[in-house]
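Asker: Have a peek at structure.cif (mmCIF, C-alpha atoms).
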```
data_model
#
loop_
_atom_site.label_atom_id
_atom_site.label_comp_id
_atom_site.auth_asym_id
_atom_site.auth_seq_id
_atom_site.Cartn_x
_atom_site.Cartn_y
_atom_site.Cartn_z
CA MET A 1 5.54 41.94 5.77
CA SER A 2 2.07 42.50 7.15
CA VAL A 3 1.21 43.00 10.79
CA ARG A 4 -0.26 39.49 10.96
CA GLU A 5 2.91 37.90 9.53
CA SER A 6 5.06 39.87 11.96
CA PHE A 7 2.89 38.73 14.86
CA ASP A 8 3.12 35.11 13.72
CA VAL A 9 6.91 35.26 13.45
CA LEU A 10 7.28 36.80 16.90
CA HIS A 11 4.96 34.33 18.59
CA GLU A 12 5.88 31.03 16.97
CA THR A 13 7.07 28.37 19.35
CA ALA A 14 10.21 26.27 19.16
CA ALA A 15 8.07 23.33 18.09
CA ASP A 16 6.71 25.38 15.18
CA ARG A 17 10.23 26.30 14.08
CA HIS A 18 11.37 22.70 14.41
CA ALA A 19 8.39 21.54 12.34
CA THR A 20 9.70 23.46 9.32
CA GLY A 21 12.48 20.92 8.99
CA ASP A 22 15.25 23.45 8.41
CA PRO A 23 18.42 21.88 9.82
CA PHE A 24 20.29 25.18 9.93
CA THR A 25 18.20 26.60 12.76
CA ARG A 26 19.32 23.95 15.25
CA TRP A 27 22.76 23.06 16.61
CA PRO A 28 23.75 20.25 14.19
CA GLY A 29 23.32 22.52 11.17
CA LEU A 30 24.95 25.47 12.89
CA LEU A 31 27.86 23.26 13.97
CA SER A 32 28.29 22.09 10.40
CA LEU A 33 28.34 25.69 9.15
CA SER A 34 30.82 26.70 11.85
CA LEU A 35 33.17 23.82 11.09
CA GLY A 36 33.07 24.57 7.38
CA LEU A 37 33.94 28.20 8.06
CA LEU A 38 36.48 28.00 10.89
CA LEU A 39 38.21 24.64 10.65
CA GLY A 40 40.30 25.44 7.55
CA PRO A 41 42.12 28.51 8.95
CA VAL A 42 42.60 26.89 12.37
CA VAL A 43 44.15 23.82 10.75
CA ALA A 44 46.43 26.00 8.59
CA LEU A 45 47.73 27.76 11.71
CA ALA A 46 48.09 24.45 13.55
CA ASN A 47 49.99 23.08 10.54
CA GLN A 48 52.57 25.84 10.78
CA GLN A 49 53.06 25.31 14.50
CA LEU A 50 53.26 21.53 14.16
CA ILE A 51 55.79 21.79 11.33
CA TYR A 52 58.06 23.82 13.61
CA THR A 53 57.58 21.30 16.41
CA VAL A 54 58.20 18.22 14.25
CA ASN A 55 61.19 19.94 12.64
CA MET A 56 63.22 19.76 15.84
CA TRP A 57 62.37 16.11 16.34
CA ALA A 58 63.10 15.23 12.68
CA CYS A 59 66.47 16.98 12.88
CA GLY A 60 67.43 15.17 16.06
CA HIS A 61 66.42 11.75 14.74
CA ARG A 62 67.39 12.29 11.08
CA MET A 63 63.84 11.44 9.98
CA GLN A 64 62.96 13.98 7.29
CA PRO A 65 60.12 11.84 5.83
CA ALA A 66 58.27 12.22 9.14
CA MET A 67 57.92 15.93 8.37
CA HIS A 68 55.45 15.13 5.58
CA VAL A 69 52.90 13.50 7.89
CA VAL A 70 51.72 16.77 9.45
CA PRO A 71 50.87 18.61 6.19
CA ILE A 72 49.14 15.52 4.78
CA LEU A 73 46.85 15.23 7.80
CA CYS A 74 46.20 18.99 7.91
CA LEU A 75 45.43 19.05 4.19
CA ILE A 76 42.92 16.23 4.61
CA VAL A 77 41.17 18.14 7.41
CA ALA A 78 41.11 21.42 5.42
CA ILE A 79 39.67 19.67 2.37
CA GLY A 80 37.13 17.98 4.64
CA ALA A 81 36.08 21.42 5.91
CA ALA A 82 35.62 22.61 2.32
CA ILE A 83 33.53 19.52 1.53
CA THR A 84 31.40 20.14 4.62
CA ALA A 85 30.79 23.74 3.53
CA TYR A 86 29.98 22.58 -0.02
CA ARG A 87 27.52 20.03 1.35
CA ASP A 88 25.82 22.79 3.37
CA TRP A 89 25.68 25.06 0.32
CA ARG A 90 24.18 22.27 -1.77
CA ALA A 91 21.61 21.55 0.97
CA VAL A 92 20.11 25.04 0.64
CA GLY A 93 19.92 25.08 -3.13
CA LYS A 94 23.33 26.07 -4.56
CA GLY A 95 22.17 29.58 -5.35
CA VAL A 96 23.84 32.94 -4.90
CA GLU A 97 20.75 35.15 -4.57
CA ASP A 98 20.65 37.45 -1.58
CA GLU A 99 17.41 39.38 -1.97
CA GLU A 100 15.73 38.11 1.19
CA ALA A 101 16.97 37.99 4.75
CA THR A 102 16.18 34.33 5.36
CA ILE A 103 17.94 31.44 7.02
CA HIS A 104 18.67 29.97 3.60
CA THR A 105 20.32 33.19 2.43
CA ARG A 106 22.47 33.32 5.58
CA THR A 107 23.35 29.63 5.25
CA ARG A 108 24.22 30.05 1.59
CA PHE A 109 26.52 33.00 2.34
CA ILE A 110 28.31 31.30 5.23
CA ALA A 111 28.68 28.07 3.26
CA MET A 112 30.16 29.88 0.24
CA LEU A 113 32.49 31.77 2.56
CA GLY A 114 33.47 28.48 4.19
CA ILE A 115 34.25 26.91 0.82
CA SER A 116 36.50 29.78 -0.24
CA ILE A 117 38.28 30.11 3.11
CA SER A 118 38.85 26.36 3.40
CA VAL A 119 40.22 26.12 -0.14
CA PHE A 120 42.50 29.09 0.52
CA SER A 121 43.65 27.44 3.77
CA ALA A 122 44.39 24.24 1.85
CA LEU A 123 46.55 26.28 -0.56
CA VAL A 124 48.42 27.79 2.41
CA ILE A 125 49.07 24.28 3.75
CA VAL A 126 50.39 23.18 0.34
CA ALA A 127 52.69 26.23 0.27
CA GLN A 128 54.00 25.40 3.75
CA TRP A 129 54.46 21.80 2.66
CA ALA A 130 56.51 22.92 -0.37
CA ALA A 131 59.05 24.46 2.01
CA ILE A 132 59.64 21.04 3.55
CA PHE A 133 60.73 19.73 0.15
CA VAL A 134 63.17 22.63 -0.33
CA PHE A 135 64.77 23.03 3.10
CA ASP A 136 66.56 20.44 5.20
CA PRO A 137 65.17 20.09 8.77
CA CYS A 138 68.62 20.72 10.26
CA MET A 139 69.30 23.86 8.18
CA ARG A 140 69.92 26.84 10.44
CA ALA A 141 70.33 30.45 9.44
#
```
I need this file expressed as C-alpha cells, please.

Answerer:
Amino acid sequence: MSVRESFDVLHETAADRHATGDPFTRWPGLLSLSLGLLLGPVVALANQQLIYTVNMWACGHRMQPAMHVVPILCLIVAIGAAITAYRDWRAVGKGVEDEEATIHTRTRFIAMLGISISVFSALVIVAQWAAIFVFDPCMRA
C-alpha cells in the first residue's frame, strides 16, 4: 500500500465509507453476522435448560408430547441462524480465499464459522431431543 493510499484510508469520512455500499460495515450487516455466529450455541444452551424446566411440568401433568415443542422451536431458530450465516457468506461471494485483510475476507470467515457452529448446534439440539424419545419425563435415578 502506498503512502497516498494509506492517507486516503485514514482520512476517508463516514459518508465515503457508506458510499461503497458494503452492508457489513454498518450495524445491520454486523448484526446479521453476529446472529449467524452466536444464536445457534445460545439456543442450544437454552434448549437444554428449557427441556429440564418443561420436564417437571410434563411429569406433573402427564403431558409427554409437550416436551417435543421446545426442541422443535429451538431447532427452527438454530437452522435459521445457519441460513442467515449462509446468506451473509453468499452476499460476499461464496469464496474461501484469505489473502487480503478486507471486510469481505472477515465477513466470509465469520459467515463460514457461523454456518458450521449453527449446524453443529442444530445437531446438539437433535441429540438432546433424542433423549426425550428414550426417557420418560417422570423417570428418576

Asker: Please write as a tab-separated table (two decimals) with C-alpha atoms, keeping the file's coordinate frame the full residue list that the PyMOL selection byres ((chain A and resi 36) around 12) yields on this file.

Answerer:
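Everything below was put into result-v8.tsv:
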```
chain	number	residue	atom	x	y	z
A	29	GLY	CA	23.32	22.52	11.17
A	30	LEU	CA	24.95	25.47	12.89
A	31	LEU	CA	27.86	23.26	13.97
A	32	SER	CA	28.29	22.09	10.40
A	33	LEU	CA	28.34	25.69	9.15
A	34	SER	CA	30.82	26.70	11.85
A	35	LEU	CA	33.17	23.82	11.09
A	37	LEU	CA	33.94	28.20	8.06
A	38	LEU	CA	36.48	28.00	10.89
A	39	LEU	CA	38.21	24.64	10.65
A	40	GLY	CA	40.30	25.44	7.55
A	41	PRO	CA	42.12	28.51	8.95
A	42	VAL	CA	42.60	26.89	12.37
A	43	VAL	CA	44.15	23.82	10.75
A	77	VAL	CA	41.17	18.14	7.41
A	78	ALA	CA	41.11	21.42	5.42
A	79	ILE	CA	39.67	19.67	2.37
A	80	GLY	CA	37.13	17.98	4.64
A	81	ALA	CA	36.08	21.42	5.91
A	82	ALA	CA	35.62	22.61	2.32
A	83	ILE	CA	33.53	19.52	1.53
A	84	THR	CA	31.40	20.14	4.62
A	85	ALA	CA	30.79	23.74	3.53
A	86	TYR	CA	29.98	22.58	-0.02
A	87	ARG	CA	27.52	20.03	1.35
A	88	ASP	CA	25.82	22.79	3.37
A	89	TRP	CA	25.68	25.06	0.32
A	107	THR	CA	23.35	29.63	5.25
A	108	ARG	CA	24.22	30.05	1.59
A	109	PHE	CA	26.52	33.00	2.34
A	110	ILE	CA	28.31	31.30	5.23
A	111	ALA	CA	28.68	28.07	3.26
A	112	MET	CA	30.16	29.88	0.24
A	113	LEU	CA	32.49	31.77	2.56
A	114	GLY	CA	33.47	28.48	4.19
A	115	ILE	CA	34.25	26.91	0.82
A	116	SER	CA	36.50	29.78	-0.24
A	117	ILE	CA	38.28	30.11	3.11
A	118	SER	CA	38.85	26.36	3.40
A	119	VAL	CA	40.22	26.12	-0.14
A	121	SER	CA	43.65	27.44	3.77
```

Asker: Of the candidates A:Ile103, A:Leu123, A:Ile132, A:Leu73, which one gets nearest to Tyr52 (chain A) if we count all atoms listed in the file?

Answerer: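 Looking only at the distances to Tyr52 (chain A), the closest residue turns out to be A:Ile132.
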
Asker: Run through the PyMOL selection byres ((chain A and resi 58) around 12) on the given coordinates and return the selected residues as a CSV table (one decimal) with C-alpha atoms, keeping the file's coordinate frame.

Answerer:
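Contents of the output file result-v6.csv:
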```csv
chain,number,residue,atom,x,y,z
A,50,LEU,CA,53.3,21.5,14.2
A,51,ILE,CA,55.8,21.8,11.3
A,52,TYR,CA,58.1,23.8,13.6
A,53,THR,CA,57.6,21.3,16.4
A,54,VAL,CA,58.2,18.2,14.2
A,55,ASN,CA,61.2,19.9,12.6
A,56,MET,CA,63.2,19.8,15.8
A,57,TRP,CA,62.4,16.1,16.3
A,59,CYS,CA,66.5,17.0,12.9
A,60,GLY,CA,67.4,15.2,16.1
A,61,HIS,CA,66.4,11.8,14.7
A,62,ARG,CA,67.4,12.3,11.1
A,63,MET,CA,63.8,11.4,10.0
A,64,GLN,CA,63.0,14.0,7.3
A,65,PRO,CA,60.1,11.8,5.8
A,66,ALA,CA,58.3,12.2,9.1
A,67,MET,CA,57.9,15.9,8.4
A,68,HIS,CA,55.4,15.1,5.6
A,69,VAL,CA,52.9,13.5,7.9
A,70,VAL,CA,51.7,16.8,9.4
A,132,ILE,CA,59.6,21.0,3.6
A,136,ASP,CA,66.6,20.4,5.2
A,137,PRO,CA,65.2,20.1,8.8
A,138,CYS,CA,68.6,20.7,10.3
A,139,MET,CA,69.3,23.9,8.2
```

Asker: From the options A:Ile72, A:Ile125, A:Val96, A:Ala91, which residue's atoms come nearest to Leu45 (chain A), counting all atoms listed in the file?

Answerer: A:Ile125

Asker: Would you please work out which residue, of A:Asp22, A:Leu75, A:Ala46, A:Pro28, is nearest to Ala122 (chain A) when using all atoms listed in the file?

Answerer: A:Leu75

Asker: Would you place a box with edges along x, y and z of the file around all atoms of region 46-60 of chain A listed there, add 3 Å to each of its six sides, and report the centre and edge lengths in Å to one decimal, as lines of an AutoDock Vina configuration file?

Answerer:
```
center_x = 57.8
center_y = 20.5
center_z = 13.5
size_x = 25.3
size_y = 16.7
size_z = 11.9
```

Asker: Interatomic distance between CA of Ile76 (chain A) and CA of Phe133 (chain A)?

Answerer: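 Result for CA of Ile76 (chain A) versus CA of Phe133 (chain A): 18.7 Å, one decimal.
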